[in-house]
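This is coords-v1.txt. It holds compact mmCIF, C-alpha atoms.
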# COMPACT_ATOMS: atom_id res chain seq x y z
CA MET A 85 -6.19 15.31 -17.63
CA LYS A 86 -5.10 18.32 -15.62
CA ILE A 87 -2.71 17.78 -12.73
CA LEU A 88 -1.39 20.30 -10.23
CA ILE A 89 1.84 19.61 -8.37
CA ALA A 90 2.90 21.51 -5.28
CA THR A 91 6.34 22.63 -6.49
CA LYS A 92 8.02 24.87 -9.03
CA ASN A 93 11.12 22.63 -9.09
CA PRO A 94 11.61 21.61 -12.75
CA GLY A 95 13.15 18.23 -11.85
CA LYS A 96 10.23 17.27 -9.62
CA ILE A 97 7.68 18.43 -12.22
CA GLU A 98 9.44 16.38 -14.90
CA GLY A 99 9.57 13.30 -12.66
CA ALA A 100 5.84 13.57 -11.93
CA LYS A 101 5.10 13.95 -15.66
CA LYS A 102 7.14 10.87 -16.50
CA ALA A 103 5.28 8.81 -13.87
CA LEU A 104 1.86 9.95 -15.05
CA GLN A 105 2.68 9.35 -18.73
CA HIS A 106 3.10 5.64 -18.02
CA TYR A 107 -0.64 5.42 -17.28
CA PHE A 108 -2.50 8.44 -18.69
CA LYS A 109 -2.67 10.17 -22.06
CA ASP A 110 -3.01 13.89 -22.71
CA ILE A 111 -1.80 15.09 -19.34
CA GLU A 112 -1.04 18.67 -18.39
CA VAL A 113 1.08 19.19 -15.27
CA LYS A 114 1.29 22.63 -13.71
CA GLY A 115 3.59 23.45 -10.81
CA ILE A 116 2.46 25.81 -8.06
CA SER A 117 4.65 26.58 -5.07
CA VAL A 118 2.92 26.12 -1.70
CA GLU A 119 4.19 25.60 1.84
CA SER A 120 4.79 22.21 3.43
CA ASP A 121 4.19 23.46 6.99
CA VAL A 122 7.05 21.26 8.23
CA PRO A 123 10.70 22.19 8.94
CA ASP A 124 13.02 22.77 5.98
CA GLN A 125 14.61 19.43 6.78
CA PRO A 126 11.75 17.02 7.51
CA VAL A 127 12.61 14.08 9.75
CA ASN A 128 10.77 10.74 9.84
CA LYS A 129 6.96 11.24 9.79
CA GLU A 130 7.39 14.92 8.89
CA ILE A 131 8.29 13.76 5.36
CA TYR A 132 4.80 12.33 4.78
CA GLU A 133 3.20 15.24 6.66
CA GLY A 134 5.02 17.73 4.42
CA ALA A 135 3.85 16.04 1.22
CA LYS A 136 0.29 15.76 2.58
CA ASN A 137 0.31 19.42 3.68
CA ARG A 138 1.53 20.50 0.25
CA VAL A 139 -1.46 18.73 -1.33
CA LYS A 140 -3.84 20.29 1.21
CA ASN A 141 -2.39 23.77 0.60
CA LEU A 142 -2.43 23.21 -3.17
CA LYS A 143 -6.12 22.26 -3.10
CA LYS A 144 -6.85 25.35 -1.03
CA TYR A 145 -4.90 27.54 -3.47
CA ALA A 146 -6.71 25.99 -6.45
CA LYS A 147 -10.10 26.55 -4.85
CA GLU A 148 -9.31 30.17 -3.94
CA ASN A 149 -8.07 30.85 -7.48
CA ASN A 150 -10.77 28.86 -9.28
CA ILE A 151 -8.26 26.43 -10.79
CA LYS A 152 -9.70 23.04 -11.74
CA ALA A 153 -7.65 19.85 -11.69
CA ASP A 154 -8.18 16.10 -11.74
CA LEU A 155 -5.29 15.23 -9.44
CA PHE A 156 -3.24 17.11 -6.85
CA LEU A 157 0.35 16.01 -6.18
CA GLY A 158 2.83 16.74 -3.43
CA ILE A 159 6.30 15.40 -2.78
CA GLU A 160 8.66 15.90 0.11
CA SER A 161 12.21 14.75 0.68
CA GLY A 162 13.61 14.15 4.12
CA ILE A 163 15.84 12.14 6.38
CA ASN A 164 14.61 9.16 8.34
CA ASP A 165 15.94 6.46 10.60
CA LEU A 166 12.85 4.28 10.53
CA LEU A 167 14.98 1.21 9.77
CA GLY A 168 17.64 2.07 12.33
CA ARG A 169 19.93 3.72 9.76
CA TRP A 170 19.74 7.28 8.43
CA MET A 171 18.49 7.55 4.85
CA ILE A 172 17.07 10.17 2.50
CA THR A 173 13.62 9.31 1.17
CA ASN A 174 11.05 11.06 -1.00
CA ILE A 175 7.38 10.59 -0.20
CA ALA A 176 4.75 11.39 -2.82
CA VAL A 177 1.07 12.02 -2.06
CA ILE A 178 -1.71 12.09 -4.66
CA GLU A 179 -5.29 13.16 -4.05
CA ASP A 180 -8.27 13.50 -6.35
CA ASN A 181 -11.05 16.08 -6.02
CA GLY A 182 -12.59 14.11 -3.18
CA ASP A 183 -10.81 12.66 -0.21
CA PHE A 184 -9.16 9.73 -2.00
CA GLU A 185 -5.45 9.71 -1.21
CA SER A 186 -2.59 7.50 -2.21
CA TYR A 187 1.09 7.74 -1.34
CA GLY A 188 4.38 6.15 -2.23
CA THR A 189 8.08 6.40 -1.62
CA SER A 190 11.16 6.59 -3.76
CA PRO A 191 14.18 4.39 -3.29
CA SER A 192 16.18 5.66 -0.30
CA PHE A 193 19.89 6.28 -0.03
CA PRO A 194 22.12 6.26 3.03
CA VAL A 195 23.52 9.34 4.73
CA PRO A 196 27.09 8.86 5.97
CA ASP A 197 27.24 8.83 9.77
CA ASN A 198 29.58 11.83 9.77
CA LEU A 199 27.02 13.94 7.85
CA VAL A 200 23.83 12.99 9.70
CA GLN A 201 24.05 15.79 12.26
CA LYS A 202 24.81 18.39 9.55
CA VAL A 203 21.73 17.22 7.60
CA LEU A 204 19.59 17.31 10.76
CA ASP A 205 20.86 20.78 11.70
CA THR A 206 20.48 22.26 8.19
CA ASN A 207 19.38 20.08 5.25
CA LEU A 208 20.80 17.65 2.73
CA SER A 209 21.67 20.39 0.25
CA GLU A 210 23.72 22.31 2.83
CA ALA A 211 25.46 19.13 3.96
CA MET A 212 26.33 18.26 0.37
CA ASN A 213 27.53 21.82 -0.29
CA SER A 214 29.81 21.62 2.75
CA ARG A 215 31.28 18.33 1.53
CA LEU A 216 31.15 18.69 -2.27
CA GLY A 217 30.93 22.44 -2.90
CA GLU A 218 28.02 24.58 -4.10
CA ASP A 219 26.33 23.40 -7.30
CA GLN A 220 23.21 25.18 -8.61
CA GLU A 221 22.52 22.55 -11.28
CA ARG A 222 22.49 19.86 -8.59
CA HIS A 223 20.22 21.98 -6.42
CA ASN A 224 17.72 22.99 -9.12
CA HIS A 225 17.35 20.02 -11.41
CA ASN A 226 19.39 16.85 -11.06
CA GLY A 227 19.59 16.60 -7.28
CA GLY A 228 22.48 15.34 -5.23
CA ILE A 229 21.55 11.75 -6.00
CA GLN A 230 22.84 12.13 -9.56
CA LEU A 231 26.26 13.02 -8.23
CA LEU A 232 26.17 10.28 -5.57
CA THR A 233 25.17 7.58 -8.10
CA HIS A 234 27.70 8.75 -10.70
CA ASN A 235 24.93 9.83 -13.10
CA GLU A 236 22.83 6.66 -12.83
CA ILE A 237 19.82 8.13 -10.95
CA SER A 238 18.59 11.73 -10.84
CA ARG A 239 16.06 13.66 -8.78
CA ILE A 240 13.75 13.22 -11.78
CA ASP A 241 14.07 9.44 -11.44
CA LEU A 242 13.45 9.44 -7.68
CA THR A 243 10.38 11.64 -8.16
CA GLU A 244 9.11 9.42 -10.97
CA TYR A 245 9.52 6.27 -8.84
CA ALA A 246 7.78 7.82 -5.82
CA PHE A 247 4.80 8.88 -7.94
CA ILE A 248 4.59 5.51 -9.69
CA MET A 249 4.34 3.89 -6.25
CA ALA A 250 1.69 6.43 -5.24
CA LEU A 251 -0.27 5.71 -8.42
CA THR A 252 -0.71 2.01 -7.60
CA LYS A 253 -4.10 2.65 -5.96
CA TYR A 254 -5.30 4.60 -9.02
CA ILE A 255 -4.08 2.30 -11.75
CA ASN A 256 -5.47 -0.80 -10.04
CA GLY A 257 -8.85 0.69 -9.24
CA GLU A 258 -11.12 -0.98 -6.73
CA ASN A 259 -9.00 -4.16 -6.76
CA TRP A 260 -6.38 -2.43 -4.64
CA ARG A 261 -8.50 0.12 -2.80
Take the structure in the file and write it out as structure tokens.
Amino acid sequence: MKILIATKNPGKIEGAKKALQHYFKDIEVKGISVESDVPDQPVNKEIYEGAKNRVKNLKKYAKENNIKADLFLGIESGINDLLGRWMITNIAVIEDNGDFESYGTSPSFPVPDNLVQKVLDTNLSEAMNSRLGEDQERHNHNGGIQLLTHNEISRIDLTEYAFIMALTKYINGENWR
């Protein structure tokens, strides 16, 4: 099974692979960087829109470059206050070669009130850098969540969980569709 994911981030690619390996054998996941067409720091519904746009742009790229795949994946992280409190959430979108789409979210974590405006004005990475110092390993692979959870959860885990939730429509077939 060939899967394309709309990122070159190694942590996100690994998280997607881990999610898919729970349900499919012989998978190949290839990362391709495409635009999200939303601001660098997506807010509320822009998180889903960014993931959806990444899939749309990935499918377009694949078609233009004659790349075949069974599934197309996108994931976007952003800040939301949909429950009345500011949190960081990842939203994953999966589409097949047709128009069938599924989506899911990762667990969310709170943003301290005194950092919300900094995140909104820049992004989570910049806010964390201003508070905790610059850290390339955190930025590229493990994500800030690994530091915030004292090494209990990584960006790989959050990505895996979001894609497992998005896979529920696929793994349950017509019973859930």
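Candidate residues A:Gly168, A:Gly95, A:Gly228, A:Gly162 were compared for distance to Ser190 in chain A, and the nearest is A:Gly162, using all atoms listed in the file.
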task = Counting only C-alpha atoms, write as a PyMOL selection string all protein and nucleic acid residues lying at most 12 Å from (23.5, 18.6, 8.0) in the file's frame.
result = chain A and resi 124-127+162-163+170+172+195-215
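When all atoms listed in the file are used to compute distances to Ala153 in chain A, the closest of the residues A:Ile237, A:Ile229, A:Ala103, A:Ile111 turns out to be A:Ile111.
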task = List the residues sitting within 8 Å of (2.8, 18.6, -13.0) in the file's frame, using only C-alpha atoms, as an MDAnalysis selection string.
result = chainID A and resid 87:89 97:98 100:101 112:115 157
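The protein and nucleic acid residues lying at most 10 Å from range 141-147 of chain A are Leu88, Ile89, Ala90, Thr91, Gly115, Ile116, Ser117, Val118, Glu119, Ser120, Asp121, Ala135, Ala153, Leu155, Phe156, Leu157, Gly158, Glu179, Asp180 and Asn181 of chain A, with all atoms listed in the file considered and sequence neighbours fewer than 6 positions away removed.
Among the candidates A:Glu133, A:Asp154, A:Glu148, A:Glu185, the one nearest to Lys86 in chain A when counting all atoms listed in the file is A:Asp154.
Picture a line from CA of Gly182 in chain A to CA of Asp110 in chain A; it runs 21.8 Å.
Taking all atoms listed in the file into account, Ser161 in chain A lies nearest to A:Leu242 out of the set A:Leu251, A:Leu242, A:Leu104, A:Leu232.
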Within 9 Å of Gly99 in chain A using only C-alpha atoms, minus same-chain residues under 3 positions, as a ChimeraX atom specification = /A:94-96,102-104,239-247
Keeping only C-alpha atoms, write those residues as an mmCIF file, in the coordinates of the input.
data_model
loop_
_atom_site.group_PDB
_atom_site.id
_atom_site.type_symbol
_atom_site.label_atom_id
_atom_site.label_comp_id
_atom_site.auth_asym_id
_atom_site.auth_seq_id
_atom_site.Cartn_x
_atom_site.Cartn_y
_atom_site.Cartn_z
ATOM 1 C CA PRO A 94 11.610 21.610 -12.750
ATOM 2 C CA GLY A 95 13.150 18.230 -11.850
ATOM 3 C CA LYS A 96 10.230 17.270 -9.620
ATOM 4 C CA LYS A 102 7.140 10.870 -16.500
ATOM 5 C CA ALA A 103 5.280 8.810 -13.870
ATOM 6 C CA LEU A 104 1.860 9.950 -15.050
ATOM 7 C CA ARG A 239 16.060 13.660 -8.780
ATOM 8 C CA ILE A 240 13.750 13.220 -11.780
ATOM 9 C CA ASP A 241 14.070 9.440 -11.440
ATOM 10 C CA LEU A 242 13.450 9.440 -7.680
ATOM 11 C CA THR A 243 10.380 11.640 -8.160
ATOM 12 C CA GLU A 244 9.110 9.420 -10.970
ATOM 13 C CA TYR A 245 9.520 6.270 -8.840
ATOM 14 C CA ALA A 246 7.780 7.820 -5.820
ATOM 15 C CA PHE A 247 4.800 8.880 -7.940
#
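Proximity ranking of A:His234, A:Glu160, A:Asp183, A:Gln105 relative to Pro123 in chain A places A:Glu160 first, based on only C-alpha atoms.
Picture a line from CA of Trp260 in chain A to CA of Thr189 in chain A; it runs 17.2 Å.
Our summary of the geometry notes that CA of Lys140 in chain A is positioned 12.3 Å from CA of Phe184 in chain A.
Non-sequential neighbours of Ile159 in chain A (distance at most 7 Å, separation of 6 or more positions within a chain, all atoms listed in the file) are Ala135, Asn174, Ile175, Ala176 and Val177 of chain A.
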